[in-house]
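Enquirer: Structure file structure_0.txt (compact mmCIF, C-alpha atoms) right here:
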```txt
# COMPACT_ATOMS: atom_id res chain seq x y z
CA MET A 316 127.99 51.90 -58.95
CA THR A 317 127.07 54.42 -56.23
CA ALA A 318 129.98 55.96 -54.31
CA LEU A 319 130.04 54.30 -50.92
CA SER A 320 130.02 57.53 -48.95
CA THR A 321 126.75 58.58 -50.57
CA ALA A 322 125.15 55.14 -50.74
CA THR A 323 121.91 54.66 -48.84
CA ASP A 324 121.98 52.53 -45.70
CA ALA A 325 120.10 49.79 -47.56
CA GLY A 326 122.53 49.93 -50.48
CA LEU A 327 125.45 49.66 -48.12
CA VAL A 328 123.96 46.67 -46.30
CA ALA A 329 123.28 44.91 -49.60
CA ARG A 330 126.90 45.34 -50.63
CA CYS A 331 128.14 44.16 -47.23
CA ARG A 332 126.12 40.98 -47.69
CA GLU A 333 127.81 40.44 -51.05
CA GLY A 334 131.14 40.44 -49.21
CA ASP A 335 132.27 43.91 -50.30
CA ASP A 336 135.03 44.80 -47.79
CA ASP A 337 134.96 48.47 -48.71
CA ALA A 338 131.23 48.59 -48.00
CA TRP A 339 131.84 47.01 -44.62
CA GLU A 340 134.47 49.62 -43.80
CA GLU A 341 132.03 52.34 -44.83
CA LEU A 342 129.28 50.85 -42.68
CA VAL A 343 131.56 50.84 -39.63
CA ARG A 344 132.70 54.39 -40.42
CA ARG A 345 129.13 55.61 -40.87
CA PHE A 346 127.84 54.16 -37.59
CA SER A 347 130.92 54.21 -35.37
CA ARG A 348 130.26 57.65 -33.88
CA TYR A 349 126.60 56.75 -33.43
CA VAL A 350 127.41 53.60 -31.48
CA LEU A 351 130.01 55.36 -29.34
CA ALA A 352 127.63 58.25 -28.71
CA ILE A 353 124.88 55.90 -27.51
CA ALA A 354 127.34 54.17 -25.19
CA GLN A 355 129.00 57.29 -23.82
CA GLN A 356 126.30 59.95 -23.96
CA ALA A 357 123.08 57.96 -23.47
CA TYR A 358 124.42 55.28 -21.09
CA ARG A 359 127.42 57.20 -19.74
CA LEU A 360 129.80 54.27 -20.12
CA SER A 361 133.50 54.89 -19.55
CA PRO A 362 135.62 55.22 -22.72
CA ALA A 363 137.03 51.72 -22.11
CA ASP A 364 133.59 50.13 -21.66
CA ALA A 365 132.24 52.05 -24.65
CA GLU A 366 135.12 50.72 -26.75
CA ASP A 367 134.29 47.15 -25.67
CA VAL A 368 130.63 47.69 -26.61
CA PHE A 369 131.73 49.17 -29.93
CA GLN A 370 133.81 46.07 -30.77
CA GLU A 371 130.98 43.76 -29.74
CA VAL A 372 128.34 45.67 -31.71
CA PHE A 373 130.27 45.48 -34.96
CA ALA A 374 131.33 41.88 -34.40
CA ARG A 375 127.67 40.91 -33.98
CA THR A 376 126.58 43.12 -36.86
CA TYR A 377 129.08 41.32 -39.08
CA GLU A 378 127.83 37.91 -37.96
CA ARG A 379 124.12 38.68 -38.08
CA LEU A 380 123.67 41.11 -40.94
CA GLY A 381 121.93 38.30 -42.81
CA ASP A 382 119.21 38.22 -40.15
CA LEU A 383 118.20 41.83 -40.85
CA ARG A 384 114.73 41.70 -42.41
CA ASN A 385 114.64 45.23 -43.76
CA ASP A 386 117.92 46.68 -45.04
CA ASP A 387 116.58 50.21 -44.55
CA ALA A 388 116.26 49.49 -40.83
CA VAL A 389 119.96 48.94 -40.19
CA ARG A 390 120.27 52.05 -38.07
CA PRO A 391 117.51 51.20 -35.53
CA TRP A 392 118.78 47.62 -35.58
CA ILE A 393 122.30 48.75 -34.63
CA ALA A 394 120.85 51.14 -32.04
CA GLN A 395 118.86 48.34 -30.41
CA LEU A 396 121.88 46.05 -30.40
CA THR A 397 123.99 48.79 -28.83
CA ARG A 398 121.37 49.46 -26.15
CA ARG A 399 121.23 45.79 -25.17
CA LEU A 400 125.01 45.52 -24.97
CA CYS A 401 125.30 48.73 -22.94
CA ILE A 402 122.78 47.42 -20.40
CA ASP A 403 124.64 44.08 -20.24
CA ARG A 404 127.87 45.96 -19.63
CA ILE A 405 126.36 48.06 -16.82
CA ARG A 406 124.83 45.01 -15.18
CA ALA A 407 128.09 43.10 -15.42
CA GLY A 408 129.88 45.92 -13.61
CA SER A 409 127.27 46.18 -10.88
CA ARG A 410 127.10 43.93 -7.78
CA GLU A 411 123.36 44.32 -7.46
CA SER A 412 121.06 43.67 -10.38
CA ALA A 413 120.54 47.03 -12.01
CA ASP A 414 116.97 48.21 -12.49
CA PRO A 415 116.27 48.21 -16.27
CA GLU A 416 113.90 51.16 -15.96
CA ALA A 417 116.52 53.23 -14.16
CA LEU A 418 119.11 52.31 -16.79
CA GLU A 419 116.79 53.41 -19.57
CA ALA A 420 115.81 56.74 -17.98
CA GLY A 421 116.48 59.55 -20.40
CA VAL A 422 117.99 57.22 -23.00
CA ASP A 423 115.12 57.67 -25.46
CA ASP A 424 115.62 61.44 -25.50
CA SER A 425 119.36 61.03 -26.03
CA LEU A 426 118.75 58.55 -28.83
CA ASP A 427 116.26 60.89 -30.50
CA ARG A 428 118.88 63.63 -30.49
CA LEU A 429 121.55 61.27 -31.83
CA ASP A 430 119.19 60.00 -34.54
CA GLU A 431 118.43 63.55 -35.54
CA ALA A 432 122.12 64.43 -35.69
CA LEU A 433 122.83 61.35 -37.80
CA SER A 434 119.94 62.17 -40.14
CA VAL A 435 121.31 65.68 -40.63
CA GLN A 436 124.78 64.28 -41.26
CA GLU A 437 123.42 61.86 -43.87
CA ALA A 438 121.32 64.54 -45.54
CA MET A 439 124.36 66.82 -45.66
CA LEU A 440 126.25 64.15 -47.60
CA ALA A 441 123.56 64.20 -50.26
CA MET A 442 123.67 68.00 -50.63
CA PRO A 443 125.44 69.77 -53.52
CA ASP A 444 129.05 70.62 -52.64
CA ASN A 445 128.44 74.38 -52.53
CA CYS A 446 125.58 74.02 -50.06
CA ARG A 447 127.40 71.49 -47.91
CA ASP A 448 130.39 73.82 -47.76
CA ILE A 449 128.49 76.97 -46.84
CA LEU A 450 126.39 75.21 -44.16
CA ASP A 451 129.43 73.52 -42.70
CA ARG A 452 131.31 76.82 -42.55
CA PHE A 453 128.49 78.74 -40.88
CA PHE A 454 126.98 76.20 -38.50
CA ARG A 455 129.91 73.91 -37.64
CA ARG A 456 132.96 76.11 -38.01
CA ASP A 457 131.18 79.27 -36.79
CA GLU A 458 132.63 81.33 -39.64
CA SER A 459 131.28 84.85 -40.16
CA TYR A 460 129.57 85.94 -43.40
CA ALA A 461 132.68 87.95 -44.30
CA VAL A 462 135.02 84.98 -43.85
CA ILE A 463 132.68 82.72 -45.83
CA GLY A 464 132.32 85.36 -48.53
CA THR A 465 136.08 85.75 -48.86
CA ALA A 466 136.64 81.99 -48.98
CA LEU A 467 133.97 81.42 -51.61
CA GLY A 468 134.52 84.64 -53.57
CA LEU A 469 131.03 85.96 -52.79
CA PRO A 470 129.84 89.31 -51.38
CA SER A 471 129.16 88.95 -47.65
CA GLY A 472 125.73 90.54 -48.18
CA THR A 473 124.61 87.48 -50.17
CA ILE A 474 125.70 84.85 -47.66
CA ALA A 475 122.61 84.97 -45.42
CA SER A 476 120.26 84.31 -48.34
CA ARG A 477 122.48 81.51 -49.69
CA ILE A 478 122.53 79.82 -46.28
CA SER A 479 118.73 80.07 -46.10
CA ARG A 480 118.35 78.53 -49.56
CA CYS A 481 120.72 75.69 -48.66
CA LEU A 482 118.85 75.09 -45.41
CA GLY A 483 115.67 74.81 -47.48
CA LYS A 484 117.34 72.12 -49.60
CA LEU A 485 118.58 70.36 -46.47
CA ARG A 486 115.05 70.39 -45.05
CA ASP A 487 113.74 68.87 -48.30
CA GLN A 488 116.39 66.16 -48.06
CA LEU A 489 115.48 65.42 -44.46
CA GLU A 490 111.76 65.34 -45.19
CA GLY A 491 112.37 62.99 -48.11
CA ARG A 492 114.34 60.70 -45.84
CA GLU A 493 111.72 60.92 -43.13
CA HIS A 494 109.05 59.74 -45.54
CA ALA A 495 111.26 56.91 -46.78
CA ARG A 496 112.47 55.80 -43.33
CA PRO A 497 111.02 52.62 -41.84
CA THR A 498 109.49 52.90 -38.41
CA SER A 499 111.50 49.90 -37.16
CA MET B 890 116.84 90.40 -19.56
CA GLU B 891 115.71 91.76 -16.18
CA ARG B 892 118.43 89.75 -14.47
CA LEU B 893 121.02 91.07 -16.89
CA LEU B 894 119.90 94.66 -16.27
CA THR B 895 120.19 94.10 -12.52
CA ARG B 896 123.66 92.63 -12.92
CA VAL B 897 124.84 95.39 -15.30
CA SER B 898 123.63 98.11 -12.93
CA SER B 899 125.35 96.52 -9.91
CA ALA B 900 128.61 97.82 -8.45
CA GLU B 901 130.46 94.72 -9.64
CA ARG B 902 133.08 95.14 -12.35
CA THR B 903 131.23 92.82 -14.71
CA PRO B 904 128.97 92.45 -16.59
CA ALA B 905 129.59 95.82 -18.19
CA ALA B 906 129.65 97.45 -21.62
CA GLY B 907 130.45 94.28 -23.55
CA SER B 908 127.48 92.46 -22.06
CA ALA B 909 125.21 95.47 -22.63
CA ALA B 910 126.22 95.55 -26.31
CA THR B 911 125.73 91.79 -26.50
CA ALA B 912 122.19 92.23 -25.20
CA ALA B 913 121.48 94.79 -27.94
CA ALA B 914 122.69 92.32 -30.56
CA ALA B 915 120.68 89.52 -28.96
CA LEU B 916 117.54 91.66 -29.18
CA SER B 917 118.32 92.15 -32.85
CA ALA B 918 118.48 88.35 -33.28
CA ALA B 919 115.22 87.96 -31.39
CA LEU B 920 113.48 90.49 -33.63
CA VAL B 921 114.70 88.71 -36.77
CA THR B 922 113.37 85.45 -35.34
CA LYS B 923 109.97 86.95 -34.50
CA VAL B 924 109.53 88.56 -37.91
CA ALA B 925 110.68 85.42 -39.76
CA ARG B 926 108.18 83.37 -37.74
CA ARG B 927 105.39 85.80 -38.63
CA SER B 928 106.36 85.85 -42.33
CA ARG B 929 106.37 82.15 -43.17
CA GLU B 930 103.44 82.51 -45.57
CA VAL B 931 105.22 85.01 -47.79
CA TRP B 932 108.82 83.91 -47.16
CA PRO B 933 109.47 80.21 -47.83
CA GLU B 934 113.02 80.46 -46.50
CA ALA B 935 112.05 82.12 -43.23
CA GLY B 936 113.18 79.00 -41.38
CA GLY B 937 116.71 79.59 -42.67
CA ALA B 938 116.77 83.06 -41.13
CA ILE B 939 115.47 81.66 -37.83
CA ALA B 940 118.26 79.06 -37.79
CA GLN B 941 120.90 81.68 -38.56
CA ALA B 942 119.59 84.04 -35.89
CA ALA B 943 119.68 81.19 -33.37
CA ALA B 944 123.26 80.32 -34.32
CA LEU B 945 124.38 83.95 -34.08
CA ASP B 946 122.58 84.39 -30.76
CA SER B 947 124.34 81.34 -29.39
CA ARG B 948 127.72 82.68 -30.51
CA LEU B 949 126.91 86.03 -28.89
CA TRP B 950 126.44 84.54 -25.43
CA VAL B 951 129.47 82.27 -25.65
CA ASN B 952 131.50 85.32 -26.62
CA ALA B 953 129.92 87.42 -23.86
CA ALA B 954 131.26 85.03 -21.24
CA ALA B 955 134.73 85.19 -22.80
CA LEU B 956 134.52 88.97 -23.02
CA GLU B 957 133.59 89.27 -19.34
CA MET B 958 136.59 87.15 -18.35
CA SER B 959 139.06 88.94 -20.60
CA TYR B 960 137.77 92.34 -19.45
CA GLU B 961 138.16 91.31 -15.79
CA ALA B 962 141.71 90.12 -16.43
CA ALA B 963 142.69 93.21 -18.43
CA THR B 964 141.23 95.61 -15.86
CA GLU B 965 143.02 93.84 -13.03
CA ALA B 966 146.31 94.00 -14.95
CA LEU B 967 145.85 97.70 -15.63
CA GLU B 968 144.94 98.47 -12.01
CA THR B 969 148.07 96.74 -10.73
CA SER B 970 150.24 98.12 -13.57
CA ASN B 971 151.41 94.58 -14.23
CA GLN B 972 153.06 95.11 -17.64
CA PRO B 973 153.50 91.45 -18.64
CA ARG B 974 149.85 90.78 -17.73
CA ILE B 975 148.74 93.93 -19.58
CA ALA B 976 150.58 92.73 -22.69
CA GLU B 977 148.88 89.37 -22.33
CA THR B 978 145.32 90.33 -21.41
CA LEU B 979 144.52 93.44 -23.46
CA PRO B 980 144.92 91.74 -26.86
CA GLN B 981 142.53 88.99 -25.74
CA ALA B 982 139.98 91.58 -24.62
CA ALA B 983 140.39 93.27 -28.02
CA GLU B 984 139.88 89.96 -29.83
CA ASP B 985 136.71 89.17 -27.85
CA SER B 986 135.38 92.67 -28.56
CA LEU B 987 136.16 92.19 -32.25
CA GLU B 988 134.22 88.92 -32.24
CA LEU B 989 131.22 90.79 -30.85
CA ALA B 990 131.51 93.25 -33.75
CA ARG B 991 131.76 90.36 -36.25
CA ILE B 992 128.61 88.67 -34.96
CA ALA B 993 126.75 91.98 -34.79
CA ALA B 994 127.69 92.88 -38.38
CA ASP B 995 126.35 89.50 -39.51
CA LEU B 996 123.13 90.14 -37.60
CA ALA B 997 122.74 93.52 -39.33
CA GLU B 998 123.09 91.79 -42.72
CA LEU B 999 120.66 89.07 -41.66
CA ALA B 1000 118.18 91.79 -40.64
CA LEU B 1001 118.67 93.42 -44.06
CA GLU B 1002 117.94 90.12 -45.79
CA ALA B 1003 114.90 89.58 -43.55
CA GLY B 1004 113.71 93.15 -44.14
CA HIS B 1005 113.61 92.51 -47.88
CA ARG B 1006 111.96 89.09 -47.69
CA CYS B 1007 109.55 89.33 -44.77
CA ASP B 1008 105.95 90.42 -44.64
CA GLN B 1009 106.49 94.14 -45.30
CA ALA B 1010 104.25 95.03 -42.36
CA HIS B 1011 107.36 94.15 -40.33
CA HIS B 1012 109.89 96.16 -42.34
CA ALA B 1013 110.28 98.70 -39.52
CA ASP B 1014 111.02 95.87 -37.06
CA MET B 1015 113.89 94.75 -39.27
CA THR B 1016 115.16 98.32 -39.53
CA VAL B 1017 115.26 98.47 -35.74
CA ALA B 1018 116.95 95.05 -35.64
CA ALA B 1019 119.65 96.34 -38.00
CA VAL B 1020 120.07 99.53 -35.95
CA LEU B 1021 120.48 97.49 -32.74
CA ALA B 1022 123.02 95.26 -34.46
CA GLU B 1023 124.85 98.31 -35.79
CA ALA B 1024 125.00 99.73 -32.25
CA ALA B 1025 126.50 96.48 -31.00
CA ALA B 1026 129.03 96.41 -33.86
CA ARG B 1027 129.98 100.01 -33.08
CA ALA B 1028 130.32 99.19 -29.38
CA GLY B 1029 132.48 96.18 -30.16
CA SER B 1030 134.66 98.31 -32.42
CA LEU B 1031 135.01 100.97 -29.72
CA LEU B 1032 136.07 98.31 -27.20
CA VAL B 1033 138.63 97.00 -29.68
CA ALA B 1034 140.16 100.49 -29.87
CA VAL B 1035 140.12 100.87 -26.07
CA ASN B 1036 141.81 97.53 -25.53
CA LEU B 1037 144.41 98.23 -28.19
CA LEU B 1038 145.09 101.50 -26.32
CA SER B 1039 143.83 103.47 -29.36
CA ARG B 1040 146.38 102.01 -31.79
CA THR B 1041 144.64 102.47 -35.14
CA ASP B 1042 147.32 100.76 -37.22
CA ASP B 1043 146.46 97.32 -35.86
CA SER B 1044 144.71 94.94 -38.28
CA ARG B 1045 141.99 94.38 -35.66
CA SER B 1046 141.18 98.11 -35.72
CA SER B 1047 140.81 98.12 -39.49
CA GLU B 1048 138.66 94.98 -39.43
CA ALA B 1049 136.47 96.55 -36.73
CA ARG B 1050 135.96 99.66 -38.86
CA LEU B 1051 134.91 97.52 -41.83
CA LEU B 1052 132.46 95.62 -39.66
CA VAL B 1053 130.87 98.86 -38.47
CA ALA B 1054 130.63 100.05 -42.07
CA ARG B 1055 128.83 96.82 -43.06
CA ALA B 1056 126.37 97.07 -40.20
CA GLU B 1057 125.80 100.77 -40.84
CA SER B 1058 125.18 100.15 -44.52
CA ALA B 1059 122.57 97.48 -43.71
CA ALA B 1060 120.77 99.74 -41.24
CA GLU B 1061 120.87 102.76 -43.56
CA THR B 1062 119.57 100.73 -46.50
CA LEU B 1063 116.57 99.58 -44.50
CA ALA B 1064 115.97 103.05 -43.03
CA SER B 1065 116.04 104.58 -46.51
CA GLU B 1066 113.30 102.20 -47.67
CA ARG B 1067 110.60 103.55 -45.34
```
Could you rewrite the structure in this file as structure tokens?

Expert:
Amino acid sequence: MTALSTATDAGLVARCREGDDDAWEELVRRFSRYVLAIAQQAYRLSPADAEDVFQEVFARTYERLGDLRNDDAVRPWIAQLTRRLCIDRIRAGSRESADPEALEAGVDDSLDRLDEALSVQEAMLAMPDNCRDILDRFFRRDESYAVIGTALGLPSGTIASRISRCLGKLRDQLEGREHARPTS
Amino acid sequence: MERLLTRVSSAERTPAAGSAATAAAALSAALVTKVARRSREVWPEAGGAIAQAAALDSRLWVNAAALEMSYEAATEALETSNQPRIAETLPQAAEDSLELARIAADLAELALEAGHRCDQAHHADMTVAAVLAEAAARAGSLLVAVNLLSRTDDSRSSEARLLVARAESAAETLASER
């Protein structure tokens, strides 16, 4: 059986439907930052409101996962659910009826960036450990070639080429996912 | 760049040498990016070099802002002979200068890698990129020494010397390949 952390979205959804509690925990873990980011960054909800949306999104996901027609489309499905609940939350907090177009202004761009970040995160999980480590050290932890070289026991002069090779693999992963991804 | 030159040449305390050295390193990153973009046909991993140059460039400018602030604070402490503030601010200015040298040394090595993989019509561009990065590493190292009040026994001084040696080696390797 595939390790949950590296399971595809569709594989995870299938296991959730079978009542696998661990798969459900993994699904929440995988999408929790995504849901919170949509609420807080795209719709600028307060932390408290974003937390309420978060609870509601996963409660409804749990109830309605059976309605999902395409298991591969769980991410856009959760995104759409989150968007609707964010708008409901904003309207509920507003005395006048909020203009839907104004609420949605700029949200698509934010969602595109979040989707891209999530795709990179997923592709990173599928990378070999050595590549994941070197990319994480350079791009996320801002480590220098010398620090990376010392940590991994490699000459610093070889780090730039290793990072480039690993980025090539990451690009292949992302392109593979892009071709496999449903358009929702 | 024009705005930076105007600001550097002004009578204000900052931006000063740290920002000027940062600009040299940033030009090195820009050259690597240009050459990688023009070498995609012969260098399948050119995109990786572009991404690394962008990351290093971003770190450069974040550090430049920190370096400006720490330099301002250190200079003010020195001018007022405020010993507790001197003891507090100079090490930070040294650390920010050292970070500049670290990023510049990485850029020199990235230029070396690019010089070997790119369309060889651009080899000289990568040599210049490595030389610019070396200059920035050397400037950063010099500022480390100044801010440590020329104490050479400090671990930051020895790290700075190693960084200059790495950048110098990259630039010399490329220059020797003409």

Enquirer: My list of candidates is A:Gly381, A:Gly491, A:Pro362, A:Gly468. Which is closest to Cys331 of chain A when distances are computed with only C-alpha atoms?

Expert: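 Selected residue with least distance to Cys331 of chain A: A:Gly381.
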
Enquirer: Pull out every residue of chain B sitting within 12 Å of chain A, counting only C-alpha atoms, and send them as an MDAnalysis selection string.

Expert: chainID B and resid 925 932:949 951:952 987:1006 1048 1051:1052 1055:1056 1058:1059

Enquirer: Determine, counting all atoms listed in the file, which protein, DNA and RNA residues have an atom within 10 Å of an atom of Ala354 of chain A; residues of the same chain fewer than 3 positions away are not included. Present the result as a list in words.

Expert: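 The residues satisfying every condition are Arg348, Tyr349, Val350, Leu351, Ala357, Tyr358, Arg359, Leu360, Ser361, Pro362, Asp364, Ala365, Glu366, Asp367, Val368, Phe369, Ala394, Thr397, Arg398, Leu400, Cys401, Ile402 and Arg404 of chain A.
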
Enquirer: What would the file look like if the residues just selected were written as an mmCIF file, in the coordinates of the input with C-alpha atoms?

Expert:
```
data_model
loop_
_atom_site.group_PDB
_atom_site.id
_atom_site.type_symbol
_atom_site.label_atom_id
_atom_site.label_comp_id
_atom_site.auth_asym_id
_atom_site.auth_seq_id
_atom_site.Cartn_x
_atom_site.Cartn_y
_atom_site.Cartn_z
ATOM 1 C CA ARG A 348 130.260 57.650 -33.880
ATOM 2 C CA TYR A 349 126.600 56.750 -33.430
ATOM 3 C CA VAL A 350 127.410 53.600 -31.480
ATOM 4 C CA LEU A 351 130.010 55.360 -29.340
ATOM 5 C CA ALA A 357 123.080 57.960 -23.470
ATOM 6 C CA TYR A 358 124.420 55.280 -21.090
ATOM 7 C CA ARG A 359 127.420 57.200 -19.740
ATOM 8 C CA LEU A 360 129.800 54.270 -20.120
ATOM 9 C CA SER A 361 133.500 54.890 -19.550
ATOM 10 C CA PRO A 362 135.620 55.220 -22.720
ATOM 11 C CA ASP A 364 133.590 50.130 -21.660
ATOM 12 C CA ALA A 365 132.240 52.050 -24.650
ATOM 13 C CA GLU A 366 135.120 50.720 -26.750
ATOM 14 C CA ASP A 367 134.290 47.150 -25.670
ATOM 15 C CA VAL A 368 130.630 47.690 -26.610
ATOM 16 C CA PHE A 369 131.730 49.170 -29.930
ATOM 17 C CA ALA A 394 120.850 51.140 -32.040
ATOM 18 C CA THR A 397 123.990 48.790 -28.830
ATOM 19 C CA ARG A 398 121.370 49.460 -26.150
ATOM 20 C CA LEU A 400 125.010 45.520 -24.970
ATOM 21 C CA CYS A 401 125.300 48.730 -22.940
ATOM 22 C CA ILE A 402 122.780 47.420 -20.400
ATOM 23 C CA ARG A 404 127.870 45.960 -19.630
#
```

Enquirer: Could you pull the residues within 7 Å of Ala1018 of chain B, counting all atoms listed in the file, minus those fewer than 6 positions along the same chain, as a PDB file with C-alpha atoms, keeping the file's coordinate frame?

Expert:
```
ATOM      1  CA  SER B 917     118.320  92.150 -32.850  1.00  0.00           C
ATOM      2  CA  LEU B 920     113.480  90.490 -33.630  1.00  0.00           C
ATOM      3  CA  VAL B 921     114.700  88.710 -36.770  1.00  0.00           C
ATOM      4  CA  ALA B1000     118.180  91.790 -40.640  1.00  0.00           C
TER       5      ALA B1000
END
```

Enquirer: Between atom CA of Val1033 of chain B and atom CA of Ala909 of chain B, what is the spacing in Å?

Expert: 15.2 Å

Enquirer: Excluding segment 975-977 of chain B and any residue of its chain fewer than 2 positions from it, enumerate the residues within 12 Å of it, using all atoms listed in the file, and give them as a PDB file with C-alpha atoms, in the frame of the given file.

Expert:
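To be explicit, this is the file written out as around-v4.pdb:
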```pdb
ATOM      1  CA  SER B 959     139.060  88.940 -20.600  1.00  0.00           C
ATOM      2  CA  TYR B 960     137.770  92.340 -19.450  1.00  0.00           C
ATOM      3  CA  GLU B 961     138.160  91.310 -15.790  1.00  0.00           C
ATOM      4  CA  ALA B 962     141.710  90.120 -16.430  1.00  0.00           C
ATOM      5  CA  ALA B 963     142.690  93.210 -18.430  1.00  0.00           C
ATOM      6  CA  THR B 964     141.230  95.610 -15.860  1.00  0.00           C
ATOM      7  CA  GLU B 965     143.020  93.840 -13.030  1.00  0.00           C
ATOM      8  CA  ALA B 966     146.310  94.000 -14.950  1.00  0.00           C
ATOM      9  CA  LEU B 967     145.850  97.700 -15.630  1.00  0.00           C
ATOM     10  CA  GLU B 968     144.940  98.470 -12.010  1.00  0.00           C
ATOM     11  CA  THR B 969     148.070  96.740 -10.730  1.00  0.00           C
ATOM     12  CA  SER B 970     150.240  98.120 -13.570  1.00  0.00           C
ATOM     13  CA  ASN B 971     151.410  94.580 -14.230  1.00  0.00           C
ATOM     14  CA  GLN B 972     153.060  95.110 -17.640  1.00  0.00           C
ATOM     15  CA  PRO B 973     153.500  91.450 -18.640  1.00  0.00           C
ATOM     16  CA  LEU B 979     144.520  93.440 -23.460  1.00  0.00           C
ATOM     17  CA  PRO B 980     144.920  91.740 -26.860  1.00  0.00           C
ATOM     18  CA  GLN B 981     142.530  88.990 -25.740  1.00  0.00           C
ATOM     19  CA  ALA B 982     139.980  91.580 -24.620  1.00  0.00           C
ATOM     20  CA  ALA B 983     140.390  93.270 -28.020  1.00  0.00           C
ATOM     21  CA  GLU B 984     139.880  89.960 -29.830  1.00  0.00           C
ATOM     22  CA  ASN B1036     141.810  97.530 -25.530  1.00  0.00           C
ATOM     23  CA  LEU B1037     144.410  98.230 -28.190  1.00  0.00           C
ATOM     24  CA  LEU B1038     145.090 101.500 -26.320  1.00  0.00           C
TER      25      LEU B1038
END
```

Enquirer: Can you measure atom CA of Leu426 of chain A to atom CA of Arg452 of chain A for me? One decimal in Å is fine.

Expert: 26.1 Å

Enquirer: Quick check, in Å to one decimal: how far apart do atom CA of Arg332 of chain A and atom CA of Ile353 of chain A lie?

Expert: 25.1 Å

Enquirer: Which residue gives the smallest distance to Thr465 of chain A among A:Val343, A:Asp487, A:Asp430, A:Ile449, with only C-alpha atoms counted?

Expert: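 Comparing A:Val343, A:Asp487, A:Asp430, A:Ile449 against Thr465 of chain A, the winner is A:Ile449.
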
Enquirer: Give me the residues near segment 316-329 of chain A as a list of chain:residue names, where near means some atom within 8 Å (using all atoms listed in the file) and where sequence neighbours in that chain fewer than 4 positions away do not count.

Expert: A:Glu333, A:Asp337, A:Ala338, A:Trp339, A:Glu341, A:Leu342, A:Leu380, A:Asp386, A:Asp387, A:Ala388, A:Val389, A:Arg390, A:Leu440, A:Ala441

Enquirer: Can you sort out segment 1008-1022 of chain B so it carries N, CA and C atoms, written as a short mmCIF file (atom, residue, chain, number, x, y, z; two decimals), keeping the file's coordinate frame?

Expert:
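Saved to out.cif:
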```cif
data_model
loop_
_atom_site.label_atom_id
_atom_site.label_comp_id
_atom_site.auth_asym_id
_atom_site.auth_seq_id
_atom_site.Cartn_x
_atom_site.Cartn_y
_atom_site.Cartn_z
N ASP B 1008 107.20 89.70 -44.51
CA ASP B 1008 105.95 90.42 -44.64
C ASP B 1008 106.28 91.90 -44.39
N GLN B 1009 106.02 92.75 -45.38
CA GLN B 1009 106.49 94.14 -45.30
C GLN B 1009 105.83 94.94 -44.17
N ALA B 1010 104.81 94.38 -43.55
CA ALA B 1010 104.25 95.03 -42.36
C ALA B 1010 105.30 95.08 -41.25
N HIS B 1011 106.32 94.23 -41.37
CA HIS B 1011 107.36 94.15 -40.33
C HIS B 1011 108.67 94.80 -40.76
N HIS B 1012 108.65 95.55 -41.84
CA HIS B 1012 109.89 96.16 -42.34
C HIS B 1012 110.55 97.03 -41.26
N ALA B 1013 109.73 97.80 -40.55
CA ALA B 1013 110.28 98.70 -39.52
C ALA B 1013 110.96 97.89 -38.40
N ASP B 1014 110.39 96.72 -38.09
CA ASP B 1014 111.02 95.87 -37.06
C ASP B 1014 112.43 95.47 -37.48
N MET B 1015 112.57 95.16 -38.78
CA MET B 1015 113.89 94.75 -39.27
C MET B 1015 114.86 95.93 -39.34
N THR B 1016 114.30 97.12 -39.57
CA THR B 1016 115.16 98.32 -39.53
C THR B 1016 115.70 98.50 -38.11
N VAL B 1017 114.83 98.35 -37.14
CA VAL B 1017 115.26 98.47 -35.74
C VAL B 1017 116.27 97.36 -35.40
N ALA B 1018 116.02 96.16 -35.90
CA ALA B 1018 116.95 95.05 -35.64
C ALA B 1018 118.33 95.39 -36.20
N ALA B 1019 118.36 95.98 -37.39
CA ALA B 1019 119.65 96.34 -38.00
C ALA B 1019 120.32 97.47 -37.21
N VAL B 1020 119.52 98.41 -36.74
CA VAL B 1020 120.07 99.53 -35.95
C VAL B 1020 120.66 99.00 -34.64
N LEU B 1021 119.96 98.09 -33.99
CA LEU B 1021 120.48 97.49 -32.74
C LEU B 1021 121.79 96.74 -33.01
N ALA B 1022 121.81 96.00 -34.12
CA ALA B 1022 123.02 95.26 -34.46
C ALA B 1022 124.16 96.23 -34.78
#
```
